[in-house]
Amino acid sequence: MPLVRRRVLAGAWLLVTVPVGLWVFRGLTPPAPAMRVQIEEPFNHGIASGAARLTVRGFRSTPKGFALEPQGQGEIEYRVRTAQPLTRWSAITLQWYGGETGIQSTVDLLDPGGPQRLLQNRSLAGTRLPLPGSVAGGTEIALRFSARNTTGEMRLVLDKLVLQSWDGPPPSFPAAGWVGAIFLAVALGFAGLMAHPKRAALVGLLLTLALILRYANVSRVAMAPLEPDAQGYRAYARALTWTGPQGFYSAGFGEREPLYPAVVKLALWLFGDADLSLRLLSAILSVSVVYLGYRLGRALLGTTWGLGAGLFLSVSVPAIIESGRGLRVELETLLLTGAAWLLLGTQGSLPWHRAILAGVVGGGLLLTRFPYAPALLILFAVSAWWHRDLGRRLWRPLLVAVAIAAVLVLPHRLAMAARDGDAAYDVHRTLRWIVNQEFQGQPGFPSPAAVIRDPYAGPRITLGQYYFGLHSAWEVLWRSLRGLGRAVLNLSPVGYVEEVRAVLGLPLGWVDILVAGLGAIGLGVLAGWRETRWVPLVLGLGLTHVAFIYDLDLPDYRFRMILQVMPLFAVAAAAGSRWVLDRMAMVLPGARWWVTRDHSLSTLASTGKSP
């Protein structure tokens, strides 16, 4: 089809599909009914709220909730009195791992209405479970959690419970398939405008898959309460004003840097002032990460393997789950990988526009999470070495980029020093949280109950005091290396193996082992090519500020603090797959077609334009 005709038809198609899509998407943020009751029970260290009464038999309390010993069984009766009567639109949200391999379990409603089975041999991690109508009008509810652990290891079973009751039915959202179909229709319209429509259509399919999976996850957890960190971001976004006492550079956001609250403020303006807006923001940023992974893979390995890297990110269960939490990890991922790509993604030159954009992106990264500062400085230094053949000419754009990043972040540091008397207040406060998690209950540190009341209890602590006052130099080195290795091994597409098995009925742990192996091979392959040597370097730099802490196995740190380098690992896994396929082509004639096809698409990628 002639180019002009194709683009005219694509434009006409977009004139139809875009308005239809906007009409459908208007239902993404329906008004939520008023909340009558909301009680959250993290069950950390086996502690419940003052309005509740626990009877525990057989379960062991842990910092993360209730667990069962190997070959153990137990029962928990949870009874709570509410300040307001419950309505018929009541539900519980559970972090309940009762349907996983080796765990036999039941969840029963005892009162009101007599014993009623709510759940049997099923894991329920974050999904809302409606309560029967018999609870309506009552002010007391009793639940019984029973489980048997048939495995040879201690297993966490009950992590968290949230009881909610609304004055009306929870809002309904457009079906994920319908949202995906509209998005794909619009994407195919834009593909018709591109120079390479077939490739663009494949990218549209990839992003549609990513969107459907993330939207389905957001719909699943939409009515659950936001996590405390996300609630803080929403409160900061509401308070943020671009100038004045709560301006962007006012340091009025506690230990949080100001960029993500500003982005949240934009999301609240676009989608409405609701918890759901933060979840939608995370999902949109997560889909953008998928596209970034594809672009990286395509530029370095060719179109086929770029799509493979994007597919890895699209179906990644940890990335999907994180995309519904309303936190900043997706923004970190975009900025860190984007800064590295701008500084190191091309050899032979560093145009002024790339250097300026790298400075803006780097400043944005530091205004999202400041501990990346050492890694960012190293990236600028490595970029100078990478382009050393250009001599002194390179230093000019690089120095301008560093200056731009410094100018962007310095006002926030000065405002924090003026407000809190400490330019690194956020870093020191986060360290206090880590110290309390690591040493709680030991002499000289807060008790577990005190940490639950105030996770930041205690005096200010610096990096030097934490690393070399509370730990030996050998311990810091060894545990950092071990944490780095564990982090890389957890950059996996399944991750939540037991939860996925409970939902799909498939044991997919072997997938993570396979991908980890391919990723390790790929990191070695990329390190051996001059054009791609920066990828394993940036992946390592992106994890240095969490490596030691990751080895502590703190709550919520398994995936949340490492996903920012997942696009780089996806590219590495694609590179490892390509390397293995190249070796197979030497002995398996059937594999040669794929290698030849990838090489031809690589040539196309090097000459084609976006997407």
# chains A, B, ... in the order shown; residues from 1 in each chain; ligands from 1
$ residues_around --residues "Glu77 in chain A" --least-positions-apart "2" --cutoff "12 Å" --atoms "only C-alpha atoms" --output "tab-separated table (two decimals) with C-alpha atoms, in the first residue's frame"
chain	number	residue	atom	x	y	z
A	48	ALA	CA	-3.25	-6.66	66.74
A	52	ALA	CA	-9.29	-6.66	68.38
A	53	ARG	CA	-8.76	-9.82	70.38
A	54	LEU	CA	-6.53	-12.66	69.19
A	55	THR	CA	-6.52	-16.28	70.24
A	56	VAL	CA	-3.49	-18.02	68.76
A	57	ARG	CA	-2.74	-21.74	68.90
A	58	GLY	CA	0.18	-23.34	67.07
A	59	PHE	CA	1.19	-20.32	65.00
A	74	GLY	CA	-2.35	-23.96	64.08
A	75	GLU	CA	-5.47	-21.90	64.48
A	79	ARG	CA	-12.43	-11.00	66.86
A	80	VAL	CA	-12.85	-7.23	66.42
A	107	VAL	CA	-10.76	-19.36	56.54
A	108	ASP	CA	-14.13	-19.30	58.32
A	109	LEU	CA	-16.52	-16.58	59.46
A	110	LEU	CA	-17.59	-17.47	63.02
A	111	ASP	CA	-19.77	-14.47	63.89
A	141	ILE	CA	-17.00	-9.91	63.56
A	142	ALA	CA	-15.01	-13.06	64.27
A	143	LEU	CA	-12.81	-14.95	61.82
A	144	ARG	CA	-10.95	-18.24	62.20
A	145	PHE	CA	-7.77	-19.03	60.28
A	146	SER	CA	-6.68	-22.68	60.29
$ residues_around --residues "range 3-14 of chain A" --least-positions-apart "3" --cutoff "12 Å" --atoms "only C-alpha atoms" --output "list in words"
Thr17, Val18, Pro19, Val20, Gly21, Leu22, Ile182, Phe183, Leu184, Ala185, Val186, Ala187, Leu188, Gly189, Phe190, Ala191, Gly192, Leu193, Met194, Ala195, His196 and Pro197 of chain A
$ closest_residue --among "A:Val221, A:Asn436, A:Arg122, A:Ala401" --to "Leu504 in chain A" --atoms "only C-alpha atoms"
A:Arg122
$ residues_around --residues "Gly133 in chain A" --least-positions-apart "3" --cutoff "9 Å" --atoms "only C-alpha atoms" --output "list in words"
Thr87, Arg88, Trp89, Ser90 and Ala136 of chain A
$ select_by_dssp --residues "range 301-514 of chain A" --states "helix (DSSP H, G or I)" --output "PyMOL selection string"
chain A and resi 301+303-314+317-322+329-344+352-366+370-386+388-390+392-420+425-439+448-453+463-469+473-489+497-504+509-514
$ residues_around --residues "Asp167 in chain A" --least-positions-apart "3" --cutoff "12 Å" --atoms "only C-alpha atoms" --output "list in words"
Ala32, Pro33, Ala34, Met35, Arg36, Val37, Gln84, Pro85, Leu86, Thr87, Arg88, Trp89, Ser90, Ala136, Gly137, Gln164, Pro170 and Pro171 of chain A
$ write_last_selection --atoms "N, CA and C atoms" --output "PDB file, in the first residue's frame"
ATOM      1  N   ALA A  32     -15.947   6.440  44.310  1.00  0.00           N
ATOM      2  CA  ALA A  32     -16.032   5.350  45.282  1.00  0.00           C
ATOM      3  C   ALA A  32     -17.042   5.706  46.360  1.00  0.00           C
ATOM      4  N   PRO A  33     -17.802   4.728  46.879  1.00  0.00           N
ATOM      5  CA  PRO A  33     -18.734   5.014  47.965  1.00  0.00           C
ATOM      6  C   PRO A  33     -17.997   5.386  49.248  1.00  0.00           C
ATOM      7  N   ALA A  34     -18.687   6.034  50.141  1.00  0.00           N
ATOM      8  CA  ALA A  34     -18.082   6.444  51.411  1.00  0.00           C
ATOM      9  C   ALA A  34     -17.691   5.210  52.221  1.00  0.00           C
ATOM     10  N   MET A  35     -16.559   5.318  52.913  1.00  0.00           N
ATOM     11  CA  MET A  35     -16.060   4.225  53.731  1.00  0.00           C
ATOM     12  C   MET A  35     -16.684   4.304  55.123  1.00  0.00           C
ATOM     13  N   ARG A  36     -17.364   3.243  55.543  1.00  0.00           N
ATOM     14  CA  ARG A  36     -17.978   3.189  56.870  1.00  0.00           C
ATOM     15  C   ARG A  36     -16.972   2.675  57.905  1.00  0.00           C
ATOM     16  N   VAL A  37     -16.230   1.618  57.554  1.00  0.00           N
ATOM     17  CA  VAL A  37     -15.296   0.969  58.483  1.00  0.00           C
ATOM     18  C   VAL A  37     -14.028   0.617  57.725  1.00  0.00           C
ATOM     19  N   GLN A  84     -18.611   1.597  63.952  1.00  0.00           N
ATOM     20  CA  GLN A  84     -19.858   1.774  63.217  1.00  0.00           C
ATOM     21  C   GLN A  84     -20.380   0.412  62.760  1.00  0.00           C
ATOM     22  N   PRO A  85     -21.700   0.271  62.626  1.00  0.00           N
ATOM     23  CA  PRO A  85     -22.239  -1.004  62.120  1.00  0.00           C
ATOM     24  C   PRO A  85     -21.737  -1.302  60.710  1.00  0.00           C
ATOM     25  N   LEU A  86     -21.491  -2.574  60.454  1.00  0.00           N
ATOM     26  CA  LEU A  86     -21.083  -2.991  59.118  1.00  0.00           C
ATOM     27  C   LEU A  86     -22.279  -2.945  58.166  1.00  0.00           C
ATOM     28  N   THR A  87     -21.995  -2.770  56.886  1.00  0.00           N
ATOM     29  CA  THR A  87     -23.037  -2.782  55.864  1.00  0.00           C
ATOM     30  C   THR A  87     -22.954  -4.090  55.091  1.00  0.00           C
ATOM     31  N   ARG A  88     -23.882  -4.263  54.159  1.00  0.00           N
ATOM     32  CA  ARG A  88     -23.843  -5.493  53.355  1.00  0.00           C
ATOM     33  C   ARG A  88     -22.762  -5.436  52.284  1.00  0.00           C
ATOM     34  N   TRP A  89     -22.128  -4.278  52.163  1.00  0.00           N
ATOM     35  CA  TRP A  89     -20.993  -4.150  51.244  1.00  0.00           C
ATOM     36  C   TRP A  89     -19.702  -4.144  52.057  1.00  0.00           C
ATOM     37  N   SER A  90     -19.413  -5.282  52.653  1.00  0.00           N
ATOM     38  CA  SER A  90     -18.223  -5.439  53.495  1.00  0.00           C
ATOM     39  C   SER A  90     -17.315  -6.499  52.878  1.00  0.00           C
ATOM     40  N   ALA A 136     -24.168  -7.589  57.938  1.00  0.00           N
ATOM     41  CA  ALA A 136     -24.777  -6.263  57.887  1.00  0.00           C
ATOM     42  C   ALA A 136     -25.484  -5.932  59.199  1.00  0.00           C
ATOM     43  N   GLY A 137     -25.248  -4.724  59.696  1.00  0.00           N
ATOM     44  CA  GLY A 137     -25.888  -4.252  60.915  1.00  0.00           C
ATOM     45  C   GLY A 137     -25.146  -4.596  62.183  1.00  0.00           C
ATOM     46  N   GLN A 164     -12.982  -3.843  55.624  1.00  0.00           N
ATOM     47  CA  GLN A 164     -13.569  -2.626  55.089  1.00  0.00           C
ATOM     48  C   GLN A 164     -15.073  -2.799  54.920  1.00  0.00           C
ATOM     49  N   PRO A 170     -19.066  -1.363  45.803  1.00  0.00           N
ATOM     50  CA  PRO A 170     -17.796  -0.898  45.230  1.00  0.00           C
ATOM     51  C   PRO A 170     -17.958  -0.610  43.743  1.00  0.00           C
ATOM     52  N   PRO A 171     -17.232   0.356  43.211  1.00  0.00           N
ATOM     53  CA  PRO A 171     -17.377   0.689  41.793  1.00  0.00           C
ATOM     54  C   PRO A 171     -16.895  -0.441  40.904  1.00  0.00           C
TER      55      PRO A 171
END
$ closest_residue --among "A:Pro455, A:Pro446, A:Pro397, A:Gly485" --to "Pro351 in chain A" --atoms "only C-alpha atoms"
A:Pro397
$ residues_around --residues "range 226-239 of chain A" --least-positions-apart "6" --cutoff "10 Å" --atoms "only C-alpha atoms" --output "PyMOL selection string"
chain A and resi 245-248+252-254+256+258-268+273-279+324-328
$ write_last_selection --atoms "N, CA and C atoms" --output "compact mmCIF listing (two decimals), in the first residue's frame"
# COMPACT_ATOMS: atom_id res chain seq x y z
N PRO A 245 5.08 28.17 50.92
CA PRO A 245 5.55 27.32 52.03
C PRO A 245 5.59 25.83 51.69
N GLN A 246 4.71 25.36 50.80
CA GLN A 246 4.71 23.95 50.42
C GLN A 246 5.10 23.80 48.96
N GLY A 247 5.99 24.66 48.49
CA GLY A 247 6.43 24.60 47.11
C GLY A 247 7.29 23.39 46.82
N PHE A 248 7.62 23.21 45.55
CA PHE A 248 8.38 22.04 45.11
C PHE A 248 9.69 21.92 45.87
N GLY A 252 9.19 20.23 52.24
CA GLY A 252 8.06 19.98 53.13
C GLY A 252 7.46 18.60 52.99
N PHE A 253 8.26 17.62 52.56
CA PHE A 253 7.71 16.29 52.29
C PHE A 253 8.46 15.21 53.07
N GLY A 254 8.89 15.57 54.31
CA GLY A 254 9.54 14.59 55.17
C GLY A 254 10.81 14.07 54.55
N ARG A 256 10.87 12.31 51.86
CA ARG A 256 10.61 12.05 50.45
C ARG A 256 11.14 13.19 49.57
N PRO A 258 10.99 15.52 46.16
CA PRO A 258 9.76 16.17 45.71
C PRO A 258 9.23 15.76 44.34
N LEU A 259 10.04 15.10 43.48
CA LEU A 259 9.58 14.90 42.11
C LEU A 259 8.38 13.95 42.04
N TYR A 260 8.44 12.83 42.76
CA TYR A 260 7.31 11.89 42.65
C TYR A 260 6.02 12.48 43.22
N PRO A 261 6.04 13.18 44.36
CA PRO A 261 4.80 13.87 44.78
C PRO A 261 4.27 14.82 43.71
N ALA A 262 5.17 15.50 42.98
CA ALA A 262 4.72 16.40 41.92
C ALA A 262 4.06 15.61 40.78
N VAL A 263 4.64 14.45 40.44
CA VAL A 263 4.05 13.61 39.40
C VAL A 263 2.69 13.07 39.87
N VAL A 264 2.61 12.71 41.14
CA VAL A 264 1.34 12.25 41.70
C VAL A 264 0.30 13.37 41.64
N LYS A 265 0.71 14.59 41.90
CA LYS A 265 -0.22 15.73 41.82
C LYS A 265 -0.80 15.84 40.41
N LEU A 266 0.05 15.63 39.42
CA LEU A 266 -0.43 15.65 38.04
C LEU A 266 -1.42 14.51 37.80
N ALA A 267 -1.13 13.32 38.34
CA ALA A 267 -2.05 12.19 38.17
C ALA A 267 -3.38 12.45 38.86
N LEU A 268 -3.36 13.06 40.04
CA LEU A 268 -4.61 13.38 40.73
C LEU A 268 -5.42 14.38 39.92
N ASP A 273 -8.96 12.98 42.39
CA ASP A 273 -8.28 12.87 43.68
C ASP A 273 -8.76 11.61 44.40
N ALA A 274 -8.15 10.49 44.04
CA ALA A 274 -8.54 9.20 44.61
C ALA A 274 -7.32 8.31 44.72
N ASP A 275 -7.39 7.32 45.62
CA ASP A 275 -6.29 6.36 45.77
C ASP A 275 -5.99 5.66 44.44
N LEU A 276 -7.05 5.39 43.69
CA LEU A 276 -6.89 4.66 42.44
C LEU A 276 -5.98 5.40 41.46
N SER A 277 -5.94 6.71 41.54
CA SER A 277 -5.11 7.49 40.61
C SER A 277 -3.64 7.14 40.76
N LEU A 278 -3.18 6.88 41.97
CA LEU A 278 -1.78 6.49 42.18
C LEU A 278 -1.50 5.13 41.57
N ARG A 279 -2.45 4.21 41.67
CA ARG A 279 -2.27 2.89 41.09
C ARG A 279 -2.22 2.99 39.56
N GLY A 324 0.69 -1.84 40.83
CA GLY A 324 -0.58 -1.48 41.45
C GLY A 324 -0.43 -0.86 42.82
N ARG A 325 0.79 -0.50 43.22
CA ARG A 325 1.02 -0.06 44.59
C ARG A 325 1.10 1.46 44.74
N GLY A 326 1.27 2.18 43.65
CA GLY A 326 1.33 3.63 43.74
C GLY A 326 2.62 4.18 44.28
N LEU A 327 3.73 3.44 44.13
CA LEU A 327 5.03 3.86 44.64
C LEU A 327 5.91 4.37 43.50
N ARG A 328 7.14 4.75 43.81
CA ARG A 328 7.97 5.48 42.86
C ARG A 328 8.96 4.62 42.09
$ residues_around --residues "Leu376 in chain A" --least-positions-apart "4" --cutoff "9 Å" --atoms "only C-alpha atoms" --output "VMD selection string"
chain A and resid 336 339 to 340 362 365 to 366 372 380 to 381 541 to 542
